[in-house]
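Have a look at coords-v7.csv; it's CSV, C-alpha atoms:
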chain,number,residue,atom,x,y,z
D,1,MET,CA,121.2,92.4,-52.0
D,2,THR,CA,122.4,96.0,-51.9
D,3,PRO,CA,123.4,97.7,-48.6
D,4,ALA,CA,120.2,99.7,-48.7
D,5,SER,CA,118.0,96.7,-49.0
D,6,PRO,CA,115.7,95.7,-46.1
D,7,ARG,CA,116.3,92.3,-44.5
D,8,ALA,CA,112.8,91.1,-45.3
D,9,SER,CA,109.9,91.8,-47.7
D,10,ILE,CA,106.4,91.1,-46.5
D,11,ILE,CA,104.2,90.5,-49.6
D,12,THR,CA,100.5,90.8,-49.5
D,13,VAL,CA,98.4,89.8,-52.5
D,14,VAL,CA,94.7,90.9,-52.7
D,15,TYR,CA,91.7,91.0,-54.9
D,16,ASN,CA,88.5,92.7,-53.8
D,17,GLY,CA,89.6,92.7,-50.2
D,18,ALA,CA,88.6,96.2,-49.2
D,19,THR,CA,87.0,95.0,-45.9
D,20,GLN,CA,90.1,93.0,-44.9
D,21,ILE,CA,93.2,94.6,-46.3
D,22,ALA,CA,93.6,97.2,-43.6
D,23,ARG,CA,93.6,94.5,-40.9
D,24,THR,CA,96.5,92.7,-42.7
D,25,LEU,CA,98.5,95.9,-43.4
D,26,ASP,CA,98.1,97.2,-39.9
D,27,SER,CA,99.5,93.9,-38.7
D,28,VAL,CA,102.4,94.0,-41.1
D,29,LEU,CA,103.3,97.6,-40.3
D,30,SER,CA,103.2,97.0,-36.6
D,31,GLN,CA,106.1,94.6,-36.7
D,32,ARG,CA,108.9,95.7,-34.3
D,33,GLY,CA,112.6,95.0,-34.2
D,34,ALA,CA,112.9,94.0,-37.8
D,35,GLU,CA,114.1,95.7,-40.9
D,36,PHE,CA,111.5,95.1,-43.5
D,37,GLU,CA,109.4,96.5,-46.4
D,38,ALA,CA,105.7,96.0,-47.2
D,39,VAL,CA,104.8,95.1,-50.8
D,40,VAL,CA,101.2,94.9,-52.0
D,41,VAL,CA,100.0,93.3,-55.2
D,42,ASP,CA,96.4,93.9,-56.2
D,43,GLY,CA,94.7,92.0,-59.0
D,44,GLY,CA,92.8,95.1,-60.2
D,45,SER,CA,90.1,95.2,-57.6
D,46,THR,CA,86.7,96.8,-58.2
D,47,ASP,CA,85.6,97.3,-54.6
D,48,GLY,CA,87.8,100.2,-53.5
D,49,THR,CA,90.8,98.1,-52.3
D,50,GLN,CA,93.2,100.5,-54.0
D,51,ALA,CA,91.9,103.5,-52.1
D,52,VAL,CA,92.4,101.7,-48.8
D,53,VAL,CA,96.0,100.7,-49.6
D,54,GLN,CA,96.8,104.2,-50.9
D,55,ARG,CA,95.8,105.7,-47.5
D,56,TYR,CA,99.0,104.1,-46.1
D,57,GLY,CA,101.1,106.3,-48.4
D,58,SER,CA,104.9,105.7,-48.2
D,59,ALA,CA,104.6,103.1,-45.5
D,60,ILE,CA,103.9,100.7,-48.4
D,61,ALA,CA,107.3,100.3,-50.3
D,62,ARG,CA,105.7,99.1,-53.5
D,63,PHE,CA,102.1,98.9,-54.7
D,64,VAL,CA,100.9,97.6,-58.0
D,65,SER,CA,97.3,97.2,-59.1
D,66,GLU,CA,96.6,95.4,-62.4
D,67,PRO,CA,94.9,92.2,-63.7
D,68,ASP,CA,96.7,89.0,-63.1
D,69,ARG,CA,96.3,85.3,-63.8
D,70,GLY,CA,95.5,84.3,-60.2
D,71,ILE,CA,97.0,84.2,-56.8
D,72,TYR,CA,100.2,82.5,-57.7
D,73,ASP,CA,100.9,84.9,-60.6
D,74,ALA,CA,100.3,87.8,-58.1
D,75,MET,CA,102.7,86.1,-55.5
D,76,ASN,CA,105.4,85.8,-58.2
D,77,LYS,CA,104.9,89.5,-59.1
D,78,GLY,CA,105.4,90.3,-55.4
D,79,ALA,CA,108.6,88.3,-55.3
D,80,THR,CA,109.9,90.2,-58.3
D,81,LEU,CA,109.1,93.6,-56.7
D,82,ALA,CA,110.7,92.6,-53.4
D,83,ARG,CA,114.2,93.8,-52.4
D,84,GLY,CA,114.6,92.0,-49.1
D,85,GLU,CA,117.0,89.1,-48.5
D,86,TYR,CA,114.0,87.1,-47.2
D,87,VAL,CA,110.3,86.9,-48.2
D,88,LEU,CA,107.1,86.2,-46.3
D,89,MET,CA,103.7,86.0,-48.0
D,90,MET,CA,101.0,87.4,-45.7
D,91,ASN,CA,97.8,87.3,-47.8
D,92,CYS,CA,94.9,89.7,-47.4
D,93,GLY,CA,92.8,88.7,-44.3
D,94,ASP,CA,95.6,87.1,-42.4
D,95,VAL,CA,97.8,88.6,-39.8
D,96,PHE,CA,101.0,88.1,-37.8
D,97,ALA,CA,100.5,86.5,-34.4
D,98,ASP,CA,102.0,89.5,-32.6
D,99,THR,CA,104.2,92.5,-33.1
D,100,ASP,CA,107.4,90.5,-32.6
D,101,ALA,CA,106.7,87.6,-34.9
D,102,LEU,CA,108.8,88.7,-37.8
D,103,ALA,CA,111.8,89.6,-35.6
D,104,ALA,CA,111.6,86.1,-34.1
D,105,ALA,CA,111.8,84.5,-37.5
D,106,LEU,CA,114.6,86.7,-38.7
D,107,ALA,CA,116.6,86.0,-35.4
D,108,VAL,CA,117.0,82.3,-36.4
D,109,ALA,CA,117.8,83.0,-40.1
D,110,GLN,CA,121.5,82.8,-41.0
D,111,PRO,CA,122.6,85.7,-43.3
D,112,GLY,CA,124.0,84.8,-46.6
D,113,VAL,CA,122.6,81.2,-46.6
D,114,GLU,CA,119.6,80.0,-48.7
D,115,GLN,CA,117.1,78.8,-46.1
D,116,VAL,CA,113.5,78.3,-45.1
D,117,VAL,CA,112.2,79.1,-41.6
D,118,PHE,CA,109.0,77.2,-40.7
D,119,GLY,CA,106.9,78.7,-37.9
D,120,ALA,CA,103.7,77.7,-36.2
D,121,TRP,CA,100.4,79.2,-37.1
D,122,GLU,CA,96.9,79.5,-35.6
D,123,ARG,CA,93.8,78.7,-37.6
D,124,LEU,CA,90.5,80.4,-37.0
D,125,GLU,CA,88.0,77.8,-37.9
D,126,ALA,CA,84.5,78.1,-39.3
D,127,ASP,CA,83.1,77.3,-35.8
D,128,GLU,CA,85.2,80.1,-34.3
D,129,ARG,CA,87.6,77.6,-32.7
D,130,ARG,CA,91.3,78.7,-32.7
D,131,VAL,CA,93.6,75.8,-33.5
D,132,LEU,CA,97.4,75.9,-33.0
D,133,CYS,CA,99.3,74.2,-35.8
D,134,THR,CA,102.9,73.1,-35.3
D,135,PRO,CA,105.1,72.9,-38.4
D,136,ALA,CA,106.5,69.5,-39.4
D,137,PRO,CA,108.5,69.9,-42.6
D,138,GLU,CA,109.4,66.2,-42.7
D,139,ARG,CA,105.7,65.5,-43.2
D,140,ALA,CA,105.3,68.5,-45.5
D,141,TYR,CA,103.1,70.2,-42.9
D,142,PHE,CA,103.4,74.0,-43.0
D,143,ASN,CA,101.5,77.1,-44.0
D,144,HIS,CA,103.1,79.7,-46.3
D,145,GLN,CA,101.9,82.7,-44.1
D,146,ALA,CA,104.2,81.3,-41.4
D,147,VAL,CA,107.2,80.6,-43.6
D,148,LEU,CA,110.1,83.0,-44.1
D,149,TYR,CA,112.5,82.1,-46.9
D,150,SER,CA,115.4,83.4,-48.9
D,151,ARG,CA,114.2,85.5,-51.9
D,152,SER,CA,117.0,84.0,-54.1
D,153,LEU,CA,115.1,80.7,-54.0
D,154,HIS,CA,112.6,82.2,-56.4
D,155,GLN,CA,115.2,82.6,-59.1
D,156,ARG,CA,116.7,79.2,-58.4
D,157,PHE,CA,113.5,77.2,-58.3
D,158,GLY,CA,111.4,79.3,-60.7
D,159,GLY,CA,108.8,80.7,-58.3
D,160,TYR,CA,105.2,79.4,-58.0
D,161,VAL,CA,103.7,77.5,-60.8
D,162,SER,CA,100.8,79.6,-62.2
D,163,ALA,CA,98.4,77.4,-64.1
D,164,ARG,CA,94.6,77.4,-64.4
D,165,GLY,CA,93.1,74.9,-61.9
D,166,PHE,CA,96.3,74.3,-60.0
D,167,SER,CA,95.7,75.2,-56.4
D,168,THR,CA,98.7,73.9,-54.6
D,169,ALA,CA,101.6,75.8,-56.2
D,170,ASP,CA,102.9,77.0,-52.8
D,171,TYR,CA,102.9,73.4,-51.5
D,172,LEU,CA,104.9,72.2,-54.6
D,173,PHE,CA,107.3,75.1,-54.2
D,174,PHE,CA,108.2,74.4,-50.6
D,175,CYS,CA,108.3,70.6,-51.2
D,176,SER,CA,110.9,71.3,-53.9
D,177,LEU,CA,112.9,73.3,-51.4
D,178,LEU,CA,112.7,70.6,-48.8
D,179,ALA,CA,114.0,68.1,-51.3
D,180,CYS,CA,117.1,70.1,-51.9
D,181,PRO,CA,119.9,69.2,-49.4
D,182,ASP,CA,121.7,72.5,-49.6
D,183,VAL,CA,118.7,74.6,-48.6
D,184,ARG,CA,118.9,75.1,-44.9
D,185,ARG,CA,115.7,74.4,-43.0
D,186,VAL,CA,114.8,75.8,-39.5
D,187,VAL,CA,111.8,74.8,-37.5
D,188,LEU,CA,110.7,77.6,-35.1
D,189,GLN,CA,108.4,76.5,-32.3
D,190,ARG,CA,106.7,79.9,-32.2
D,191,THR,CA,103.4,81.1,-33.6
D,192,LEU,CA,104.1,83.5,-36.5
D,193,ALA,CA,100.7,84.0,-38.2
D,194,CYS,CA,97.0,83.7,-37.6
D,195,ILE,CA,95.0,82.4,-40.6
D,196,ASP,CA,91.3,82.9,-41.0
D,197,VAL,CA,89.9,79.8,-42.8
D,198,ARG,CA,86.2,80.5,-42.1
D,199,GLY,CA,84.3,79.8,-45.3
D,200,VAL,CA,87.3,78.4,-47.0
D,201,SER,CA,87.5,74.8,-48.1
D,202,ALA,CA,90.5,73.1,-49.7
D,203,GLY,CA,88.2,70.8,-51.7
D,204,LEU,CA,88.9,67.4,-53.4
D,205,GLN,CA,90.9,69.0,-56.2
D,206,THR,CA,93.4,70.5,-53.8
D,207,THR,CA,93.6,67.2,-51.8
D,208,SER,CA,94.3,65.1,-54.9
D,209,GLN,CA,96.9,67.6,-56.1
D,210,LYS,CA,98.7,67.4,-52.8
D,211,TYR,CA,98.7,63.6,-53.0
D,212,ALA,CA,100.1,63.8,-56.5
D,213,ILE,CA,102.9,66.0,-55.2
D,214,ASP,CA,103.5,63.8,-52.2
D,215,HIS,CA,103.8,60.8,-54.6
D,216,LEU,CA,106.3,62.7,-56.7
D,217,PHE,CA,108.5,63.3,-53.6
D,218,GLY,CA,108.1,59.8,-52.2
D,219,ARG,CA,105.7,60.6,-49.4
D,220,ALA,CA,102.6,58.9,-50.7
D,221,THR,CA,102.3,55.4,-52.2
D,222,ARG,CA,100.9,54.8,-55.6
D,223,MET,CA,97.8,53.1,-54.0
D,224,GLN,CA,97.2,56.2,-51.8
D,225,LEU,CA,97.3,58.4,-54.9
D,226,LEU,CA,95.0,56.2,-56.9
D,227,ALA,CA,92.5,56.0,-54.0
D,228,VAL,CA,92.3,59.8,-53.9
D,229,LEU,CA,92.1,60.2,-57.7
D,230,ALA,CA,89.3,57.6,-57.8
D,231,LEU,CA,87.2,59.9,-55.7
D,232,HIS,CA,87.7,62.9,-58.0
D,233,PRO,CA,84.7,63.7,-60.3
D,234,ALA,CA,87.0,64.0,-63.3
D,235,TYR,CA,88.2,60.4,-62.9
D,236,HIS,CA,84.7,59.1,-63.4
D,237,ARG,CA,84.0,61.3,-66.4
D,238,LEU,CA,87.2,60.1,-68.1
D,239,LYS,CA,86.4,56.5,-67.3
D,240,ARG,CA,83.0,56.8,-69.0
D,241,TRP,CA,84.6,58.6,-71.9
D,242,PHE,CA,87.2,55.9,-72.5
D,243,LYS,CA,84.6,53.1,-72.2
D,244,GLY,CA,82.7,54.9,-75.0
Would it be possible to restate this file's structure as structure tokens?
Amino acid sequence: MTPASPRASIITVVYNGATQIARTLDSVLSQRGAEFEAVVVDGGSTDGTQAVVQRYGSAIARFVSEPDRGIYDAMNKGATLARGEYVLMMNCGDVFADTDALAAALAVAQPGVEQVVFGAWERLEADERRVLCTPAPERAYFNHQAVLYSRSLHQRFGGYVSARGFSTADYLFFCSLLACPDVRRVVLQRTLACIDVRGVSAGLQTTSQKYAIDHLFGRATRMQLLAVLALHPAYHRLKRWFKG
């Protein structure tokens, strides 16, 4: 990190988010008491997202708009563009909990140490309920919009796996960090982000992938993994295929 580098980089990835991107960027740029930069990675939107972002001018430190291979490819691009010691991914449509959230996360981060700060988050559910979620890293319970972490961990752990059909690369990335004893972890009992999950469903594919990752890291038994996989549509197709 050079002396001129900001302490944190807030990375927002977006694709065709013209109706939501301003809400997220307004939240990012309203953060007080923290030295940070805003980085936006657009996947080549066709709905005018670029024009909305460009209205913010120099308030956005770096903005790139080009086709990508999906959300994790875009997040990796953002990490490459970032200059801050720490990174936080605030995706389009989501916001910080308040104007002091980033400063609160940075306040517990120890300079010069590779670490992950896990904060609480609020979920806006499909039925309009607001649900407060408390991080529990020992159970791999977290949300990446409420996680601040050392940017150097991207080089060390290789960033997010970007592969077609793989929807839990962020979960795998943070589980890898949690399994590393020399990566400092901090649990912050403060709400950092508000996540809008209306109309979004994780689906069975994501659930089965998480169980597979949990099994890899010793948090799920073989029987639990097999039980979830047995429910997956692909399991039954493969079973019929092998039976001929």
Problem set entry | Local residues around (101.2, 68.6, -52.3), at most 12 Å away, using all atoms listed in the file, as a PyMOL selection string | chain D and resi 139-143+166-176+202+205-220+225
Exercise. Interatomic distance between CA of Tyr149 (chain D) and CA of Ser65 (chain D)?
Worked result: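 Between these atoms lies a distance of 24.7 Å.
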Problem set entry | Spatial neighbours of region 104-114 of chain D, 10 Å, all atoms listed in the file, chain gap at least 2 places, as an NGL selection string | :D and (1 or 7-8 or 32-35 or 85-86 or 99-102 or 116-119 or 146-153 or 177 or 182-188 or 190-192)
Could the residues in this selection be saved with C-alpha atoms as a PDB file, in the frame of the given file?
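Saved file result_7.pdb follows:
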ATOM      1  CA  MET D   1     121.200  92.400 -52.000  1.00  0.00           C
ATOM      2  CA  ARG D   7     116.300  92.300 -44.500  1.00  0.00           C
ATOM      3  CA  ALA D   8     112.800  91.100 -45.300  1.00  0.00           C
ATOM      4  CA  ARG D  32     108.900  95.700 -34.300  1.00  0.00           C
ATOM      5  CA  GLY D  33     112.600  95.000 -34.200  1.00  0.00           C
ATOM      6  CA  ALA D  34     112.900  94.000 -37.800  1.00  0.00           C
ATOM      7  CA  GLU D  35     114.100  95.700 -40.900  1.00  0.00           C
ATOM      8  CA  GLU D  85     117.000  89.100 -48.500  1.00  0.00           C
ATOM      9  CA  TYR D  86     114.000  87.100 -47.200  1.00  0.00           C
ATOM     10  CA  THR D  99     104.200  92.500 -33.100  1.00  0.00           C
ATOM     11  CA  ASP D 100     107.400  90.500 -32.600  1.00  0.00           C
ATOM     12  CA  ALA D 101     106.700  87.600 -34.900  1.00  0.00           C
ATOM     13  CA  LEU D 102     108.800  88.700 -37.800  1.00  0.00           C
ATOM     14  CA  VAL D 116     113.500  78.300 -45.100  1.00  0.00           C
ATOM     15  CA  VAL D 117     112.200  79.100 -41.600  1.00  0.00           C
ATOM     16  CA  PHE D 118     109.000  77.200 -40.700  1.00  0.00           C
ATOM     17  CA  GLY D 119     106.900  78.700 -37.900  1.00  0.00           C
ATOM     18  CA  ALA D 146     104.200  81.300 -41.400  1.00  0.00           C
ATOM     19  CA  VAL D 147     107.200  80.600 -43.600  1.00  0.00           C
ATOM     20  CA  LEU D 148     110.100  83.000 -44.100  1.00  0.00           C
ATOM     21  CA  TYR D 149     112.500  82.100 -46.900  1.00  0.00           C
ATOM     22  CA  SER D 150     115.400  83.400 -48.900  1.00  0.00           C
ATOM     23  CA  ARG D 151     114.200  85.500 -51.900  1.00  0.00           C
ATOM     24  CA  SER D 152     117.000  84.000 -54.100  1.00  0.00           C
ATOM     25  CA  LEU D 153     115.100  80.700 -54.000  1.00  0.00           C
ATOM     26  CA  LEU D 177     112.900  73.300 -51.400  1.00  0.00           C
ATOM     27  CA  ASP D 182     121.700  72.500 -49.600  1.00  0.00           C
ATOM     28  CA  VAL D 183     118.700  74.600 -48.600  1.00  0.00           C
ATOM     29  CA  ARG D 184     118.900  75.100 -44.900  1.00  0.00           C
ATOM     30  CA  ARG D 185     115.700  74.400 -43.000  1.00  0.00           C
ATOM     31  CA  VAL D 186     114.800  75.800 -39.500  1.00  0.00           C
ATOM     32  CA  VAL D 187     111.800  74.800 -37.500  1.00  0.00           C
ATOM     33  CA  LEU D 188     110.700  77.600 -35.100  1.00  0.00           C
ATOM     34  CA  ARG D 190     106.700  79.900 -32.200  1.00  0.00           C
ATOM     35  CA  THR D 191     103.400  81.100 -33.600  1.00  0.00           C
ATOM     36  CA  LEU D 192     104.100  83.500 -36.500  1.00  0.00           C
TER      37      LEU D 192
END
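Pairwise distance (CA of Asp73 (chain D), CA of Asn91 (chain D)) equals 13.4 Å.
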Problem set entry | Residues within 6 Å of Ile10 (chain D), all atoms listed in the file, excluding chain neighbours under 5 positions, as a list in words | Ala38, Val87, Leu88 and Met89 of chain D
Problem set entry | Length of the CA of Ile21 (chain D) to CA of Tyr160 (chain D) vector [Å] |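 About the pair CA of Ile21 (chain D) and CA of Tyr160 (chain D): they are 22.6 Å apart.
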Problem set entry | Pick from D:Thr12, D:Val28, D:Phe36, D:Ala193, whichever lies nearest to Val131 (chain D) using all atoms listed in the file |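 Closest residue, counting all atoms listed in the file: D:Ala193.
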Problem set entry | Counting only C-alpha atoms, the residue of D:Ala74, D:Val14, D:Val41, D:Ile195 that sits nearest Leu124 (chain D) | D:Ile195
